[in-house]
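Source file: query14.pdb. Holds: PDB, C-alpha atoms and all ligand atoms.
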MODEL        1
ATOM      1  CA  MET A  96      -4.650  -3.433  12.556
ATOM      2  CA  ILE A  97      -2.390  -0.779  11.022
ATOM      3  CA  PRO A  98      -0.530  -2.197   8.005
ATOM      4  CA  THR A  99       3.260  -2.169   8.249
ATOM      5  CA  SER A 100       4.156  -3.392   4.751
ATOM      6  CA  ILE A 101       3.245  -2.840   1.111
ATOM      7  CA  THR A 102       4.211  -4.685  -2.068
ATOM      8  CA  PHE A 103       5.120  -3.331  -5.494
ATOM      9  CA  PHE A 104       5.743  -5.157  -8.746
ATOM     10  CA  GLU A 105       9.471  -5.895  -8.747
ATOM     11  CA  TYR A 106      10.106  -3.934 -11.958
ATOM     12  CA  LEU A 107       8.686  -0.799 -10.298
ATOM     13  CA  THR A 108      10.658  -1.026  -7.044
ATOM     14  CA  PRO A 109      13.731   0.934  -8.313
ATOM     15  CA  LEU A 110      11.384   3.906  -8.781
ATOM     16  CA  VAL A 111      10.247   3.601  -5.155
ATOM     17  CA  ALA A 112      13.758   3.055  -3.741
ATOM     18  CA  SER A 113      15.138   6.059  -5.645
ATOM     19  CA  GLY A 114      12.384   8.379  -4.428
ATOM     20  CA  ALA A 115      11.111   8.975  -7.979
ATOM     21  CA  LYS A 116       7.714   7.342  -7.312
ATOM     22  CA  THR A 117       5.812   9.158  -4.563
ATOM     23  CA  ILE A 118       2.281   7.807  -5.023
ATOM     24  CA  THR A 119       0.625   4.494  -5.733
ATOM     25  CA  ILE A 120      -2.966   3.933  -6.769
ATOM     26  CA  ARG A 121      -4.694   0.954  -5.131
ATOM     27  CA  ASP A 122      -8.194  -0.398  -4.581
ATOM     28  CA  ALA A 123     -10.224  -0.407  -1.355
ATOM     29  CA  SER A 124      -8.429  -3.518  -0.075
ATOM     30  CA  GLU A 125      -5.364  -1.289   0.453
ATOM     31  CA  ASN A 126      -6.973   1.960   1.650
ATOM     32  CA  HIS A 127      -6.200   1.278   5.327
ATOM     33  CA  TYR A 128      -2.672   2.749   5.410
ATOM     34  CA  VAL A 129      -2.342   5.428   8.092
ATOM     35  CA  PRO A 130      -0.670   8.814   7.459
ATOM     36  CA  GLY A 131       2.466   9.236   9.545
ATOM     37  CA  THR A 132       3.220   5.528   9.779
ATOM     38  CA  GLN A 133       6.384   3.901   8.418
ATOM     39  CA  VAL A 134       5.839   0.948   6.082
ATOM     40  CA  GLU A 135       8.262  -1.673   4.724
ATOM     41  CA  VAL A 136       8.308  -2.077   0.924
ATOM     42  CA  PHE A 137       8.632  -5.597  -0.529
ATOM     43  CA  THR A 138       8.625  -6.966  -4.051
ATOM     44  CA  LEU A 139       5.309  -8.636  -4.863
ATOM     45  CA  GLU A 140       6.859 -11.587  -6.693
ATOM     46  CA  THR A 141       9.698 -12.621  -4.332
ATOM     47  CA  HIS A 142       8.955 -10.689  -1.118
ATOM     48  CA  GLN A 143      12.411  -9.093  -1.023
ATOM     49  CA  LYS A 144      12.731  -6.053   1.250
ATOM     50  CA  VAL A 145      13.358  -2.938  -0.852
ATOM     51  CA  CYS A 146      13.180   0.112   1.440
ATOM     52  CA  ASP A 147      10.977   1.905   3.960
ATOM     53  CA  ILE A 148       8.441   4.630   3.204
ATOM     54  CA  THR A 149       6.341   6.978   5.324
ATOM     55  CA  ILE A 150       2.663   7.236   4.402
ATOM     56  CA  LEU A 151       1.643  10.883   3.862
ATOM     57  CA  SER A 152      -2.020  10.574   2.830
ATOM     58  CA  VAL A 153      -4.698   8.212   1.497
ATOM     59  CA  GLU A 154      -7.351   9.837  -0.702
ATOM     60  CA  PRO A 155     -10.168   8.545  -2.930
ATOM     61  CA  LEU A 156      -9.403   8.791  -6.648
ATOM     62  CA  ALA A 157     -11.703   7.785  -9.501
ATOM     63  CA  PHE A 158     -10.073   5.959 -12.403
ATOM     64  CA  ASP A 159     -11.460   8.573 -14.823
ATOM     65  CA  ASP A 160      -9.739  11.360 -12.841
ATOM     66  CA  ILE A 161      -6.222   9.915 -13.234
ATOM     67  CA  ASN A 162      -4.191  12.499 -15.146
ATOM     68  CA  GLU A 163      -0.668  13.743 -15.907
ATOM     69  CA  PHE A 164      -0.291  14.985 -12.329
ATOM     70  CA  HIS A 165      -0.652  11.406 -11.083
ATOM     71  CA  ALA A 166       1.555   9.987 -13.842
ATOM     72  CA  GLU A 167       4.392  12.369 -12.894
ATOM     73  CA  GLN A 168       4.210  11.265  -9.258
ATOM     74  CA  GLU A 169       4.093   7.619 -10.338
ATOM     75  CA  SER A 170       7.140   8.310 -12.541
ATOM     76  CA  LEU A 171       5.321   6.567 -15.421
ATOM     77  CA  PRO A 172       3.826   7.744 -18.724
ATOM     78  CA  LEU A 173       0.078   8.350 -18.275
ATOM     79  CA  ASP A 174      -0.995   5.762 -20.868
ATOM     80  CA  GLU A 175       1.228   3.099 -19.252
ATOM     81  CA  LEU A 176      -0.051   3.959 -15.759
ATOM     82  CA  LYS A 177      -3.712   3.656 -16.839
ATOM     83  CA  GLN A 178      -2.978   0.398 -18.650
ATOM     84  CA  ILE A 179      -1.319  -1.099 -15.529
ATOM     85  CA  ILE A 180      -4.203  -0.023 -13.311
ATOM     86  CA  GLN A 181      -6.781  -1.472 -15.713
ATOM     87  CA  GLN A 182      -4.894  -4.776 -15.696
ATOM     88  CA  VAL A 183      -4.559  -4.906 -11.897
ATOM     89  CA  TYR A 184      -8.042  -3.550 -11.095
ATOM     90  CA  PRO A 185     -10.270  -4.319 -14.112
ATOM     91  CA  ASN A 186     -13.486  -2.249 -14.273
ATOM     92  CA  GLN A 187     -12.703  -0.543 -10.920
ATOM     93  CA  GLN A 188     -13.745   3.115 -10.931
ATOM     94  CA  SER A 189     -13.310   3.674  -7.190
ATOM     95  CA  LEU A 190      -9.627   3.720  -6.268
ATOM     96  CA  PHE A 191      -7.333   5.354  -3.689
ATOM     97  CA  MET A 192      -4.176   7.422  -4.060
ATOM     98  CA  ILE A 193      -1.589   6.618  -1.407
ATOM     99  CA  SER A 194       1.057   9.366  -1.136
ATOM    100  CA  PHE A 195       4.360   8.510   0.509
ATOM    101  CA  GLU A 196       7.981   9.579   0.939
ATOM    102  CA  LEU A 197      11.136   7.510   1.006
ATOM    103  CA  VAL A 198      12.789   7.014   4.406
ATOM    104  CA  LYS A 199      16.472   7.747   3.869
TER     105      LYS A 199
HETATM  106  C1  LIG A 201      -0.907  -6.484  -4.996
HETATM  107  C2  LIG A 201      -0.933  -5.322  -5.898
HETATM  108  O1  LIG A 201      -1.968  -4.906  -6.342
HETATM  109  N1  LIG A 201       0.237  -4.732  -6.199
HETATM  110  C3  LIG A 201       0.473  -3.608  -6.923
HETATM  111  C4  LIG A 201      -0.499  -2.756  -7.400
HETATM  112  C5  LIG A 201      -0.079  -1.636  -8.077
HETATM  113  N2  LIG A 201       1.228  -1.423  -8.258
HETATM  114  C6  LIG A 201       1.706  -0.222  -8.937
HETATM  115  C7  LIG A 201       1.415  -0.128 -10.387
HETATM  116  C8  LIG A 201       1.400   1.384 -10.595
HETATM  117  O2  LIG A 201       2.683   1.925 -10.652
HETATM  118  C9  LIG A 201       0.824   1.855  -9.322
HETATM  119  C10 LIG A 201      -0.634   2.128  -9.437
HETATM  120  O3  LIG A 201      -1.403   1.073  -9.076
HETATM  121  O4  LIG A 201       1.116   0.892  -8.335
HETATM  122  C11 LIG A 201       2.160  -2.280  -7.789
HETATM  123  O5  LIG A 201       3.390  -2.069  -7.968
HETATM  124  N3  LIG A 201       1.773  -3.364  -7.113
ENDMDL
END

Starting from the file, lay out its structure as structure tokens.
Ligand SMILES: CC(=O)Nc1ccn([C@H]2C[C@H](O)[C@@H](CO)O2)c(=O)n1
Amino acid sequence: MIPTSITFFEYLTPLVASGAKTITIRDASENHYVPGTQVEVFTLETHQKVCDITILSVEPLAFDDINEFHAEQESLPLDELKQIIQQVYPNQQSLFMISFELVK
């Protein structure tokens, strides 16, 4: 089944809706997004619809390889990004980078 929605922490959704955030880093439970498909974005906490995005790519990414390039695309400082990912996916080395663009 091709996924048609994705959730983001509510406090991060303005970055997605403005087009500033163009990647998200997730674990294997969310590596099944399909490039070229359109996906609805919802807030994780209240399931409010935020916007639509088009998936561009899904690529493996090790936690230790996360760098400034990823932080820029996440529109977050690198130390904050790594801290969030460690909280959400503790002790997970094997992650996935989902690239996307805002549907205007
Ligand atoms: C359900 C769930 O895991 N939701 C997530 C996971 C991650 N994010 C954000 C946090 C960072 O900006 C990137 C990297 O993981 O994605 C999220 O908003 N919601």

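For the choices A:Thr102, A:Ser194, A:Ser152, A:Thr141, the atom-to-atom distance to ligand LIG 201 (chain A) is smallest for A:Thr102 when using all atoms listed in the file.
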
Can you pull out the residues contacting Met192 (chain A)? Cut-off 8 Å, using all atoms listed in the file, and skip same-chain residues under 4 positions away; I want them as a list in words. Ile118, Thr119, Ile120, Arg121, Ser152, Val153, Glu154, Pro155 and Leu156 of chain A

Kindly compile the residues surrounding ligand LIG 201 (chain A) within 9 Å, counting only C-alpha atoms and all ligand atoms, and format them as an mmCIF file with C-alpha atoms, in the coordinates of the input.
data_model
loop_
_atom_site.group_PDB
_atom_site.id
_atom_site.type_symbol
_atom_site.label_atom_id
_atom_site.label_comp_id
_atom_site.auth_asym_id
_atom_site.auth_seq_id
_atom_site.Cartn_x
_atom_site.Cartn_y
_atom_site.Cartn_z
ATOM 1 C CA ILE A 101 3.245 -2.840 1.111
ATOM 2 C CA THR A 102 4.211 -4.685 -2.068
ATOM 3 C CA PHE A 103 5.120 -3.331 -5.494
ATOM 4 C CA PHE A 104 5.743 -5.157 -8.746
ATOM 5 C CA GLU A 105 9.471 -5.895 -8.747
ATOM 6 C CA TYR A 106 10.106 -3.934 -11.958
ATOM 7 C CA LEU A 107 8.686 -0.799 -10.298
ATOM 8 C CA THR A 108 10.658 -1.026 -7.044
ATOM 9 C CA LYS A 116 7.714 7.342 -7.312
ATOM 10 C CA ILE A 118 2.281 7.807 -5.023
ATOM 11 C CA THR A 119 0.625 4.494 -5.733
ATOM 12 C CA ILE A 120 -2.966 3.933 -6.769
ATOM 13 C CA ARG A 121 -4.694 0.954 -5.131
ATOM 14 C CA ASP A 122 -8.194 -0.398 -4.581
ATOM 15 C CA GLU A 125 -5.364 -1.289 0.453
ATOM 16 C CA THR A 138 8.625 -6.966 -4.051
ATOM 17 C CA LEU A 139 5.309 -8.636 -4.863
ATOM 18 C CA ALA A 166 1.555 9.987 -13.842
ATOM 19 C CA GLU A 169 4.093 7.619 -10.338
ATOM 20 C CA SER A 170 7.140 8.310 -12.541
ATOM 21 C CA LEU A 171 5.321 6.567 -15.421
ATOM 22 C CA GLU A 175 1.228 3.099 -19.252
ATOM 23 C CA LEU A 176 -0.051 3.959 -15.759
ATOM 24 C CA LYS A 177 -3.712 3.656 -16.839
ATOM 25 C CA ILE A 179 -1.319 -1.099 -15.529
ATOM 26 C CA ILE A 180 -4.203 -0.023 -13.311
ATOM 27 C CA GLN A 181 -6.781 -1.472 -15.713
ATOM 28 C CA VAL A 183 -4.559 -4.906 -11.897
ATOM 29 C CA TYR A 184 -8.042 -3.550 -11.095
ATOM 30 C CA MET A 192 -4.176 7.422 -4.060
#

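Minimum atom-to-atom distances from A:Pro130, A:Val145, A:Asp160, A:Ser189 to Pro109 (chain A) were compared using all atoms listed in the file, and the lowest value belongs to A:Val145.
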
Can you report as lines of an AutoDock Vina configuration file the centre and edge lengths in Å, to one decimal, of an axis-aligned box around the listed atoms of region 123-141 of chain A padded with 5 Å on each side?
center_x = -0.3
center_y = -1.7
center_z = 1.5
size_x = 29.9
size_y = 31.9
size_z = 26.5

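Closest approach to Val134 (chain A) among A:Ser100, A:Pro172, A:His165, A:Thr117 is made by A:Ser100 (distances from all atoms listed in the file).
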
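If all atoms listed in the file are the atoms counted, then among A:Asp174, A:Glu167, A:Asp159, A:Glu140 the closest residue to Gln188 (chain A) is A:Asp159.
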
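Using only C-alpha atoms, the nearest neighbour of Ser113 (chain A) within the list A:Ala157, A:Leu151, A:Leu190, A:Val198 is A:Val198.
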
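Among the candidate residues A:Gln168, A:Lys199, A:Gln187, A:Thr149, the one lying nearest to Ala123 (chain A) is A:Gln187, with distances computed using all atoms listed in the file.
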
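Note that CA of Tyr128 (chain A) and CA of Pro98 (chain A) are 6.0 Å apart.
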
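Counting from CA of Gln178 (chain A), the distance to CA of Gly114 (chain A) is 22.4 Å.
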
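Interatomic distance, CA of Gly131 (chain A) against CA of Ile150 (chain A): 5.5 Å.
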
Starting from the incomplete input, reconstruct N, CA and C atoms of region 154-190 of chain A and report them as a PDB file, in the coordinates of the input.
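What ended up in rebuild_19.pdb:
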ATOM      1  N   GLU A 154      -6.197   9.070  -0.226  1.00  0.00           N
ATOM      2  CA  GLU A 154      -7.351   9.837  -0.702  1.00  0.00           C
ATOM      3  C   GLU A 154      -8.087   9.073  -1.795  1.00  0.00           C
ATOM      4  N   PRO A 155      -9.424   9.164  -1.834  1.00  0.00           N
ATOM      5  CA  PRO A 155     -10.168   8.545  -2.930  1.00  0.00           C
ATOM      6  C   PRO A 155      -9.757   9.151  -4.271  1.00  0.00           C
ATOM      7  N   LEU A 156      -9.742   8.324  -5.300  1.00  0.00           N
ATOM      8  CA  LEU A 156      -9.403   8.791  -6.648  1.00  0.00           C
ATOM      9  C   LEU A 156     -10.153   7.925  -7.661  1.00  0.00           C
ATOM     10  N   ALA A 157     -10.983   8.534  -8.464  1.00  0.00           N
ATOM     11  CA  ALA A 157     -11.703   7.785  -9.501  1.00  0.00           C
ATOM     12  C   ALA A 157     -10.760   7.488 -10.667  1.00  0.00           C
ATOM     13  N   PHE A 158     -10.934   6.317 -11.270  1.00  0.00           N
ATOM     14  CA  PHE A 158     -10.073   5.959 -12.403  1.00  0.00           C
ATOM     15  C   PHE A 158     -10.117   7.045 -13.477  1.00  0.00           C
ATOM     16  N   ASP A 159     -11.316   7.570 -13.758  1.00  0.00           N
ATOM     17  CA  ASP A 159     -11.460   8.573 -14.823  1.00  0.00           C
ATOM     18  C   ASP A 159     -10.761   9.893 -14.505  1.00  0.00           C
ATOM     19  N   ASP A 160     -10.402  10.108 -13.233  1.00  0.00           N
ATOM     20  CA  ASP A 160      -9.739  11.360 -12.841  1.00  0.00           C
ATOM     21  C   ASP A 160      -8.212  11.242 -12.848  1.00  0.00           C
ATOM     22  N   ILE A 161      -7.685  10.071 -13.186  1.00  0.00           N
ATOM     23  CA  ILE A 161      -6.222   9.915 -13.234  1.00  0.00           C
ATOM     24  C   ILE A 161      -5.682  10.723 -14.410  1.00  0.00           C
ATOM     25  N   ASN A 162      -4.696  11.584 -14.121  1.00  0.00           N
ATOM     26  CA  ASN A 162      -4.191  12.499 -15.146  1.00  0.00           C
ATOM     27  C   ASN A 162      -2.661  12.624 -15.075  1.00  0.00           C
ATOM     28  N   GLU A 163      -2.133  13.559 -15.823  1.00  0.00           N
ATOM     29  CA  GLU A 163      -0.668  13.743 -15.907  1.00  0.00           C
ATOM     30  C   GLU A 163      -0.043  14.021 -14.543  1.00  0.00           C
ATOM     31  N   PHE A 164      -0.775  14.708 -13.688  1.00  0.00           N
ATOM     32  CA  PHE A 164      -0.291  14.985 -12.329  1.00  0.00           C
ATOM     33  C   PHE A 164       0.037  13.673 -11.611  1.00  0.00           C
ATOM     34  N   HIS A 165      -0.883  12.697 -11.733  1.00  0.00           N
ATOM     35  CA  HIS A 165      -0.652  11.406 -11.083  1.00  0.00           C
ATOM     36  C   HIS A 165       0.489  10.642 -11.763  1.00  0.00           C
ATOM     37  N   ALA A 166       0.522  10.699 -13.096  1.00  0.00           N
ATOM     38  CA  ALA A 166       1.555   9.987 -13.842  1.00  0.00           C
ATOM     39  C   ALA A 166       2.954  10.491 -13.455  1.00  0.00           C
ATOM     40  N   GLU A 167       3.087  11.804 -13.294  1.00  0.00           N
ATOM     41  CA  GLU A 167       4.392  12.369 -12.894  1.00  0.00           C
ATOM     42  C   GLU A 167       4.818  11.815 -11.548  1.00  0.00           C
ATOM     43  N   GLN A 168       3.866  11.757 -10.606  1.00  0.00           N
ATOM     44  CA  GLN A 168       4.210  11.265  -9.258  1.00  0.00           C
ATOM     45  C   GLN A 168       4.436   9.758  -9.239  1.00  0.00           C
ATOM     46  N   GLU A 169       3.842   9.063 -10.198  1.00  0.00           N
ATOM     47  CA  GLU A 169       4.093   7.619 -10.338  1.00  0.00           C
ATOM     48  C   GLU A 169       5.393   7.356 -11.092  1.00  0.00           C
ATOM     49  N   SER A 170       5.937   8.426 -11.704  1.00  0.00           N
ATOM     50  CA  SER A 170       7.140   8.310 -12.541  1.00  0.00           C
ATOM     51  C   SER A 170       6.906   7.331 -13.702  1.00  0.00           C
ATOM     52  N   LEU A 171       5.697   7.405 -14.283  1.00  0.00           N
ATOM     53  CA  LEU A 171       5.321   6.567 -15.421  1.00  0.00           C
ATOM     54  C   LEU A 171       4.599   7.429 -16.448  1.00  0.00           C
ATOM     55  N   PRO A 172       4.671   7.062 -17.743  1.00  0.00           N
ATOM     56  CA  PRO A 172       3.826   7.744 -18.724  1.00  0.00           C
ATOM     57  C   PRO A 172       2.353   7.476 -18.396  1.00  0.00           C
ATOM     58  N   LEU A 173       1.489   8.465 -18.652  1.00  0.00           N
ATOM     59  CA  LEU A 173       0.078   8.350 -18.275  1.00  0.00           C
ATOM     60  C   LEU A 173      -0.592   7.135 -18.920  1.00  0.00           C
ATOM     61  N   ASP A 174      -0.326   6.897 -20.207  1.00  0.00           N
ATOM     62  CA  ASP A 174      -0.995   5.762 -20.868  1.00  0.00           C
ATOM     63  C   ASP A 174      -0.554   4.434 -20.251  1.00  0.00           C
ATOM     64  N   GLU A 175       0.728   4.332 -19.886  1.00  0.00           N
ATOM     65  CA  GLU A 175       1.228   3.099 -19.252  1.00  0.00           C
ATOM     66  C   GLU A 175       0.608   2.919 -17.864  1.00  0.00           C
ATOM     67  N   LEU A 176       0.539   4.020 -17.105  1.00  0.00           N
ATOM     68  CA  LEU A 176      -0.051   3.959 -15.759  1.00  0.00           C
ATOM     69  C   LEU A 176      -1.495   3.458 -15.837  1.00  0.00           C
ATOM     70  N   LYS A 177      -2.298   4.045 -16.743  1.00  0.00           N
ATOM     71  CA  LYS A 177      -3.712   3.656 -16.839  1.00  0.00           C
ATOM     72  C   LYS A 177      -3.858   2.207 -17.308  1.00  0.00           C
ATOM     73  N   GLN A 178      -2.948   1.793 -18.172  1.00  0.00           N
ATOM     74  CA  GLN A 178      -2.978   0.398 -18.650  1.00  0.00           C
ATOM     75  C   GLN A 178      -2.685  -0.578 -17.496  1.00  0.00           C
ATOM     76  N   ILE A 179      -1.665  -0.240 -16.673  1.00  0.00           N
ATOM     77  CA  ILE A 179      -1.319  -1.099 -15.529  1.00  0.00           C
ATOM     78  C   ILE A 179      -2.510  -1.187 -14.578  1.00  0.00           C
ATOM     79  N   ILE A 180      -3.102  -0.032 -14.283  1.00  0.00           N
ATOM     80  CA  ILE A 180      -4.203  -0.023 -13.311  1.00  0.00           C
ATOM     81  C   ILE A 180      -5.405  -0.806 -13.845  1.00  0.00           C
ATOM     82  N   GLN A 181      -5.666  -0.701 -15.137  1.00  0.00           N
ATOM     83  CA  GLN A 181      -6.781  -1.472 -15.713  1.00  0.00           C
ATOM     84  C   GLN A 181      -6.514  -2.973 -15.644  1.00  0.00           C
ATOM     85  N   GLN A 182      -5.232  -3.346 -15.782  1.00  0.00           N
ATOM     86  CA  GLN A 182      -4.894  -4.776 -15.696  1.00  0.00           C
ATOM     87  C   GLN A 182      -5.025  -5.288 -14.261  1.00  0.00           C
ATOM     88  N   VAL A 183      -4.553  -4.460 -13.292  1.00  0.00           N
ATOM     89  CA  VAL A 183      -4.559  -4.906 -11.897  1.00  0.00           C
ATOM     90  C   VAL A 183      -5.963  -4.843 -11.303  1.00  0.00           C
ATOM     91  N   TYR A 184      -6.700  -3.779 -11.655  1.00  0.00           N
ATOM     92  CA  TYR A 184      -8.042  -3.550 -11.095  1.00  0.00           C
ATOM     93  C   TYR A 184      -9.056  -3.382 -12.228  1.00  0.00           C
ATOM     94  N   PRO A 185      -9.371  -4.460 -12.962  1.00  0.00           N
ATOM     95  CA  PRO A 185     -10.270  -4.319 -14.112  1.00  0.00           C
ATOM     96  C   PRO A 185     -11.648  -3.799 -13.706  1.00  0.00           C
ATOM     97  N   ASN A 186     -12.143  -2.821 -14.469  1.00  0.00           N
ATOM     98  CA  ASN A 186     -13.486  -2.249 -14.273  1.00  0.00           C
ATOM     99  C   ASN A 186     -13.697  -1.635 -12.890  1.00  0.00           C
ATOM    100  N   GLN A 187     -12.595  -1.199 -12.242  1.00  0.00           N
ATOM    101  CA  GLN A 187     -12.703  -0.543 -10.920  1.00  0.00           C
ATOM    102  C   GLN A 187     -12.642   0.954 -11.115  1.00  0.00           C
ATOM    103  N   GLN A 188     -13.726   1.655 -10.820  1.00  0.00           N
ATOM    104  CA  GLN A 188     -13.745   3.115 -10.931  1.00  0.00           C
ATOM    105  C   GLN A 188     -13.266   3.756  -9.625  1.00  0.00           C
ATOM    106  N   SER A 189     -13.604   3.110  -8.505  1.00  0.00           N
ATOM    107  CA  SER A 189     -13.310   3.674  -7.190  1.00  0.00           C
ATOM    108  C   SER A 189     -11.958   3.171  -6.681  1.00  0.00           C
ATOM    109  N   LEU A 190     -10.993   4.083  -6.665  1.00  0.00           N
ATOM    110  CA  LEU A 190      -9.627   3.720  -6.268  1.00  0.00           C
ATOM    111  C   LEU A 190      -9.149   4.689  -5.190  1.00  0.00           C
TER     112      LEU A 190
END
